[in-house]
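Pasted below: input_34.csv, CSV, C-alpha atoms.
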chain,number,residue,atom,x,y,z
A,22,MET,CA,-9.8,99.5,-45.9
A,23,SER,CA,-7.0,101.1,-47.9
A,24,ALA,CA,-5.0,98.7,-50.0
A,25,ARG,CA,-1.8,100.0,-48.3
A,26,GLU,CA,-3.1,99.7,-44.7
A,27,PRO,CA,-1.4,96.8,-43.0
A,28,TRP,CA,-3.5,93.8,-42.0
A,29,ARG,CA,-3.3,92.4,-38.5
A,30,PRO,CA,-1.0,89.4,-38.1
A,31,THR,CA,-4.0,87.1,-37.4
A,32,LYS,CA,-5.8,88.3,-40.4
A,33,ARG,CA,-2.7,87.7,-42.6
A,34,ILE,CA,-2.3,84.2,-41.3
A,35,ALA,CA,-6.1,83.4,-41.8
A,36,PHE,CA,-5.9,84.8,-45.3
A,37,ARG,CA,-2.9,82.6,-46.2
A,38,PHE,CA,-4.6,79.5,-44.9
A,39,CYS,CA,-7.9,80.2,-46.7
A,40,PHE,CA,-6.0,81.3,-49.9
A,41,VAL,CA,-4.2,77.9,-50.1
A,42,LEU,CA,-7.2,75.8,-49.0
A,43,PHE,CA,-9.8,77.3,-51.4
A,44,THR,CA,-7.3,77.5,-54.3
A,45,LEU,CA,-6.6,73.7,-53.9
A,46,VAL,CA,-10.3,72.9,-53.6
A,47,SER,CA,-11.2,75.0,-56.6
A,48,LEU,CA,-8.5,73.3,-58.7
A,49,THR,CA,-9.9,69.9,-57.6
A,50,MET,CA,-13.4,70.9,-58.7
A,51,PHE,CA,-12.2,72.3,-62.0
A,52,ALA,CA,-10.3,69.1,-62.7
A,53,SER,CA,-13.4,67.0,-62.3
A,54,PHE,CA,-15.5,69.0,-64.7
A,55,PHE,CA,-15.7,68.4,-68.5
A,56,PRO,CA,-14.5,70.0,-70.7
A,57,VAL,CA,-12.4,72.4,-68.4
A,58,GLY,CA,-11.1,69.3,-66.6
A,59,ILE,CA,-8.9,68.6,-69.6
A,60,LEU,CA,-6.7,71.6,-68.7
A,61,PHE,CA,-6.3,70.4,-65.1
A,62,ARG,CA,-5.4,66.7,-65.8
A,63,PRO,CA,-1.8,67.2,-64.6
A,64,TYR,CA,-3.2,68.4,-61.2
A,65,TRP,CA,-5.7,65.5,-61.1
A,66,PHE,CA,-2.8,63.1,-61.9
A,67,LEU,CA,-0.9,64.5,-58.9
A,68,CYS,CA,-3.9,64.1,-56.7
A,69,ARG,CA,-4.3,60.4,-57.7
A,70,LYS,CA,-0.6,59.8,-57.0
A,71,LEU,CA,-0.8,61.4,-53.7
A,72,VAL,CA,-3.9,59.5,-52.6
A,73,PHE,CA,-3.3,56.1,-54.1
A,74,GLY,CA,0.5,56.2,-54.2
A,75,LEU,CA,1.8,57.9,-51.1
A,76,THR,CA,-1.0,57.4,-48.6
A,77,PRO,CA,-0.5,53.7,-48.1
A,78,ALA,CA,3.2,54.2,-47.6
A,79,LEU,CA,3.1,57.3,-45.4
A,80,LEU,CA,-0.2,57.1,-43.5
A,81,ARG,CA,-0.8,53.3,-43.6
A,82,ILE,CA,-4.3,53.9,-45.1
A,83,HIS,CA,-5.5,52.1,-48.2
A,84,PRO,CA,-8.0,54.4,-49.9
A,85,ALA,CA,-11.0,52.8,-51.6
A,86,GLY,CA,-13.3,54.3,-54.2
A,87,THR,CA,-12.8,57.1,-56.6
A,88,LEU,CA,-11.8,60.7,-56.0
A,89,GLU,CA,-15.0,61.8,-57.7
A,90,GLY,CA,-17.0,59.9,-55.1
A,91,SER,CA,-17.7,62.6,-52.5
A,92,ASP,CA,-17.9,60.3,-49.5
A,93,SER,CA,-15.6,57.6,-50.6
A,94,LEU,CA,-12.5,56.9,-48.4
A,95,ALA,CA,-10.3,58.1,-51.3
A,96,ALA,CA,-12.2,61.5,-51.5
A,97,TRP,CA,-11.9,62.0,-47.7
A,98,VAL,CA,-8.2,61.1,-47.8
A,99,LEU,CA,-7.8,63.8,-50.5
A,100,GLN,CA,-9.3,66.3,-48.2
A,101,LEU,CA,-6.9,65.2,-45.5
A,102,TRP,CA,-4.0,65.8,-47.8
A,103,THR,CA,-5.4,69.1,-48.8
A,104,LEU,CA,-5.6,70.2,-45.2
A,105,ILE,CA,-2.0,68.9,-44.5
A,106,ILE,CA,-0.6,70.8,-47.5
A,107,THR,CA,-2.6,73.9,-46.5
A,108,VAL,CA,-1.1,73.9,-43.0
A,109,VAL,CA,2.4,73.4,-44.2
A,110,ALA,CA,2.1,76.0,-47.0
A,111,THR,CA,0.6,78.5,-44.6
A,112,ALA,CA,3.5,78.0,-42.1
A,113,ILE,CA,6.2,78.4,-44.8
A,114,TRP,CA,4.4,81.4,-46.3
A,115,THR,CA,4.1,83.0,-42.9
A,116,TRP,CA,7.8,82.3,-42.1
A,117,ARG,CA,9.0,83.8,-45.4
A,118,ALA,CA,6.4,86.6,-45.9
A,119,ARG,CA,7.2,90.2,-46.1
A,120,ALA,CA,3.9,91.7,-47.3
A,121,THR,CA,1.6,93.3,-44.7
A,122,GLU,CA,-1.6,93.2,-46.8
A,123,TYR,CA,-2.9,91.1,-49.7
A,124,ALA,CA,-5.8,93.1,-51.1
A,125,ARG,CA,-5.0,92.4,-54.8
A,126,LEU,CA,-4.2,88.7,-54.2
A,127,PHE,CA,-7.4,88.3,-52.2
A,128,ASP,CA,-9.4,89.9,-55.1
A,129,ALA,CA,-7.8,87.6,-57.6
A,130,GLN,CA,-8.3,84.5,-55.5
A,131,ARG,CA,-11.9,85.4,-54.7
A,132,THR,CA,-12.5,85.7,-58.5
A,133,LEU,CA,-11.2,82.1,-58.9
A,134,VAL,CA,-13.5,80.8,-56.2
A,135,ARG,CA,-16.5,82.8,-57.5
A,136,TYR,CA,-16.2,81.3,-61.0
A,137,CYS,CA,-15.6,77.8,-59.7
A,138,LEU,CA,-18.6,77.9,-57.4
A,139,SER,CA,-20.7,79.4,-60.2
A,140,MET,CA,-19.8,76.6,-62.6
A,141,VAL,CA,-20.6,73.9,-60.1
A,142,MET,CA,-23.9,75.4,-59.0
A,143,MET,CA,-25.1,76.0,-62.5
A,144,ASP,CA,-24.5,72.4,-63.3
A,145,TYR,CA,-26.5,71.2,-60.3
A,146,GLY,CA,-29.1,74.0,-60.8
A,147,PHE,CA,-29.9,73.1,-64.4
A,148,ASP,CA,-30.2,69.4,-63.5
A,149,LYS,CA,-32.9,70.4,-61.1
A,150,VAL,CA,-34.6,72.9,-63.5
A,151,PHE,CA,-35.0,70.2,-66.1
A,152,CYS,CA,-35.8,67.5,-63.5
A,153,LEU,CA,-32.8,65.4,-64.2
A,154,GLN,CA,-31.3,65.0,-60.7
A,155,PHE,CA,-34.0,63.2,-58.8
A,156,TRP,CA,-35.9,60.2,-59.9
A,157,ARG,CA,-39.7,59.9,-60.1
A,158,ALA,CA,-41.2,57.0,-58.2
A,159,THR,CA,-41.3,53.7,-60.1
A,160,PRO,CA,-43.9,51.0,-59.6
A,161,LEU,CA,-41.3,49.2,-57.4
A,162,ASP,CA,-40.9,52.3,-55.3
A,163,LEU,CA,-44.6,52.6,-54.8
A,164,ILE,CA,-45.0,49.1,-53.2
A,165,GLN,CA,-41.9,49.6,-51.0
A,166,THR,CA,-42.6,50.1,-47.4
A,167,PHE,CA,-41.3,53.1,-45.4
A,168,ALA,CA,-39.2,50.8,-43.2
A,169,GLY,CA,-37.7,49.2,-46.3
A,170,SER,CA,-36.4,52.5,-47.7
A,171,SER,CA,-32.9,53.8,-47.0
A,172,PRO,CA,-32.7,57.4,-45.8
A,173,PHE,CA,-31.1,58.3,-49.1
A,174,GLY,CA,-33.8,56.6,-51.2
A,175,LEU,CA,-36.5,58.1,-49.1
A,176,ALA,CA,-35.1,61.7,-49.6
A,177,TRP,CA,-34.5,61.2,-53.3
A,178,ARG,CA,-38.0,59.9,-54.0
A,179,PHE,CA,-39.5,62.7,-51.8
A,180,LEU,CA,-37.6,65.4,-53.6
A,181,GLY,CA,-38.3,63.8,-57.0
A,182,TYR,CA,-42.0,63.7,-56.4
A,183,SER,CA,-42.6,67.4,-57.2
A,184,SER,CA,-41.3,68.8,-60.5
A,185,ALA,CA,-42.4,72.3,-59.3
A,186,TYR,CA,-40.1,72.0,-56.2
A,187,GLN,CA,-37.2,70.8,-58.3
A,188,PHE,CA,-37.7,73.7,-60.7
A,189,PHE,CA,-37.8,76.2,-57.7
A,190,ALA,CA,-34.7,74.8,-56.1
A,191,GLY,CA,-32.8,74.7,-59.3
A,192,THR,CA,-33.8,78.2,-60.2
A,193,LEU,CA,-32.4,79.5,-56.9
A,194,GLU,CA,-29.1,77.7,-57.6
A,195,VAL,CA,-28.9,79.1,-61.1
A,196,VAL,CA,-29.8,82.6,-60.1
A,197,GLY,CA,-27.2,82.5,-57.3
A,198,ALA,CA,-24.6,81.1,-59.7
A,199,VAL,CA,-25.3,83.8,-62.3
A,200,LEU,CA,-25.0,86.6,-59.7
A,201,LEU,CA,-21.6,85.4,-58.7
A,202,LEU,CA,-20.3,86.2,-62.2
A,203,TRP,CA,-20.2,90.0,-61.6
A,204,ARG,CA,-18.4,91.8,-58.7
A,205,ARG,CA,-21.4,94.1,-58.0
A,206,THR,CA,-23.8,91.2,-57.5
A,207,ALA,CA,-21.4,88.6,-56.1
A,208,THR,CA,-22.4,89.3,-52.4
A,209,LEU,CA,-26.1,88.8,-53.2
A,210,GLY,CA,-25.2,85.6,-55.1
A,211,ALA,CA,-23.3,84.3,-52.2
A,212,VAL,CA,-26.2,85.1,-49.8
A,213,VAL,CA,-28.6,83.2,-52.0
A,214,LEU,CA,-26.3,80.2,-52.4
A,215,ALA,CA,-25.5,80.2,-48.6
A,216,GLY,CA,-29.1,79.6,-47.8
A,217,VAL,CA,-29.5,77.0,-50.6
A,218,LEU,CA,-26.3,75.1,-49.7
A,219,ALA,CA,-27.0,75.1,-46.0
A,220,ASN,CA,-30.2,73.3,-46.7
A,221,ILE,CA,-28.5,70.9,-49.1
A,222,ALA,CA,-25.7,70.1,-46.6
A,223,MET,CA,-28.2,69.4,-43.9
A,224,LEU,CA,-30.2,67.1,-46.2
A,225,ASN,CA,-27.0,65.3,-47.1
A,226,TYR,CA,-25.9,64.8,-43.4
A,227,CYS,CA,-29.4,63.9,-42.0
A,228,TYR,CA,-30.4,61.6,-44.8
A,229,GLN,CA,-27.1,59.9,-45.4
A,230,ILE,CA,-26.8,61.3,-49.0
A,231,PRO,CA,-23.2,60.5,-50.1
A,232,VAL,CA,-22.2,64.0,-51.1
A,233,LYS,CA,-21.6,65.4,-47.6
A,234,ASN,CA,-17.9,66.1,-48.3
A,235,TYR,CA,-18.7,68.0,-51.5
A,236,SER,CA,-21.6,70.0,-50.2
A,237,THR,CA,-19.6,71.1,-47.2
A,238,LEU,CA,-16.8,72.4,-49.3
A,239,LEU,CA,-19.3,74.3,-51.5
A,240,LEU,CA,-20.9,75.9,-48.4
A,241,LEU,CA,-17.4,76.9,-47.1
A,242,MET,CA,-16.5,78.4,-50.4
A,243,THR,CA,-19.8,80.4,-50.4
A,244,ALA,CA,-18.9,81.8,-46.9
A,245,TRP,CA,-15.4,82.7,-48.1

What is this structure when it is put down as structure tokens?
Amino acid sequence: MSAREPWRPTKRIAFRFCFVLFTLVSLTMFASFFPVGILFRPYWFLCRKLVFGLTPALLRIHPAGTLEGSDSLAAWVLQLWTLIITVVATAIWTWRARATEYARLFDAQRTLVRYCLSMVMMDYGFDKVFCLQFWRATPLDLIQTFAGSSPFGLAWRFLGYSSAYQFFAGTLEVVGAVLLLWRRTATLGAVVLAGVLANIAMLNYCYQIPVKNYSTLLLLMTAW
């Protein structure tokens, strides 16, 4: 498509919505990572004020937990506010917009999402490559019955049993993350990570692993 060719109205609205949504999500992820998080502390401060300050007064909800906890009530409330802000911003943008295509803006925003996703997946990937994410079975684990295991504990011990599998899974995450760093290989990197993250998200949902929120956002970013 030519950069000057007008986009359809539905495509423009969809782009505006996704632009705002994934920009906010990327900023949140950057803010929670050291050392780059230092640069995003003002944004993180606003998120905390929004969740813990305005939410009880406006929504009559009292968030518990931390924003870093993926499935804490506070983290889900932050996603609710992100969605509300996205809808309002998209409506205002659509009302005031004059542009008929956003090719350059799309390219710039996609670059932001690529680097954010690459950073997160490298972090998770290297943890698996060096067998740091899952624990090996302890003597206490070995005498615990199947019925006495939580779904989360069962999955974690199962995945931690094989160092070779951890290395394999981590390598795929790192390779996908590295491919995202260059435009020519970004599509291949997204395809690799889409398969990896779809599996991770299903494990999180089916085994009650408390990062369902986070893994879903990563999968959506990969699709975008």

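Of the residues listed (A:Pro27, A:Gly216, A:Gly197, A:Pro84), A:Pro84 shows the shortest atom-to-atom separation from Val72 in chain A; distances use all atoms listed in the file.
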
### Task
Point out the residue among A:Thr237, A:Thr166, A:Thr206, A:Thr107 with the least atom-to-atom distance to Leu45 in chain A, counting all atoms listed in the file.
A:Thr107

#### Entry: Nearest to Leu201 in chain A, chosen from A:Ser139, A:Thr103, A:Thr121, A:Thr31, with only C-alpha atoms counted in the distances
A:Ser139

### Query
Between CA of Gly191 in chain A and CA of Ala96 in chain A, what is the distance, to one decimal in Å?
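Rounded to one decimal, the two atoms are 25.7 Å apart.
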
### Query
Which residue gives the smallest distance to Thr49 in chain A among A:Ile164, A:Leu101, A:Cys137, A:Leu79, with all atoms listed in the file counted?
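Among the listed residues, the smallest separation from Thr49 in chain A belongs to A:Cys137.
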
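One finds CA of Cys227 in chain A at 15.8 Å from CA of Ser91 in chain A.
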
### Query
Of the candidates A:Gln100, A:Gln130, A:Thr76, A:Ser93, which shows the shortest atom-to-atom distance to Arg37 in chain A, using only C-alpha atoms?
A:Gln130

### Task
Neighbourhood query: residues within 9 Å of (-8.1, 80.9, -51.3), file coordinates, counting all atoms listed in the file; return as a PyMOL selection string.
chain A and resi 36-47+127+130-131+133-134+242+245

### Query
Given the choices A:Ala215, A:Leu94, A:Leu163, A:Ala110, which gets closest to Phe179 in chain A if the distance is worked out from all atoms listed in the file?
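Closest residue, counting all atoms listed in the file: A:Leu163.
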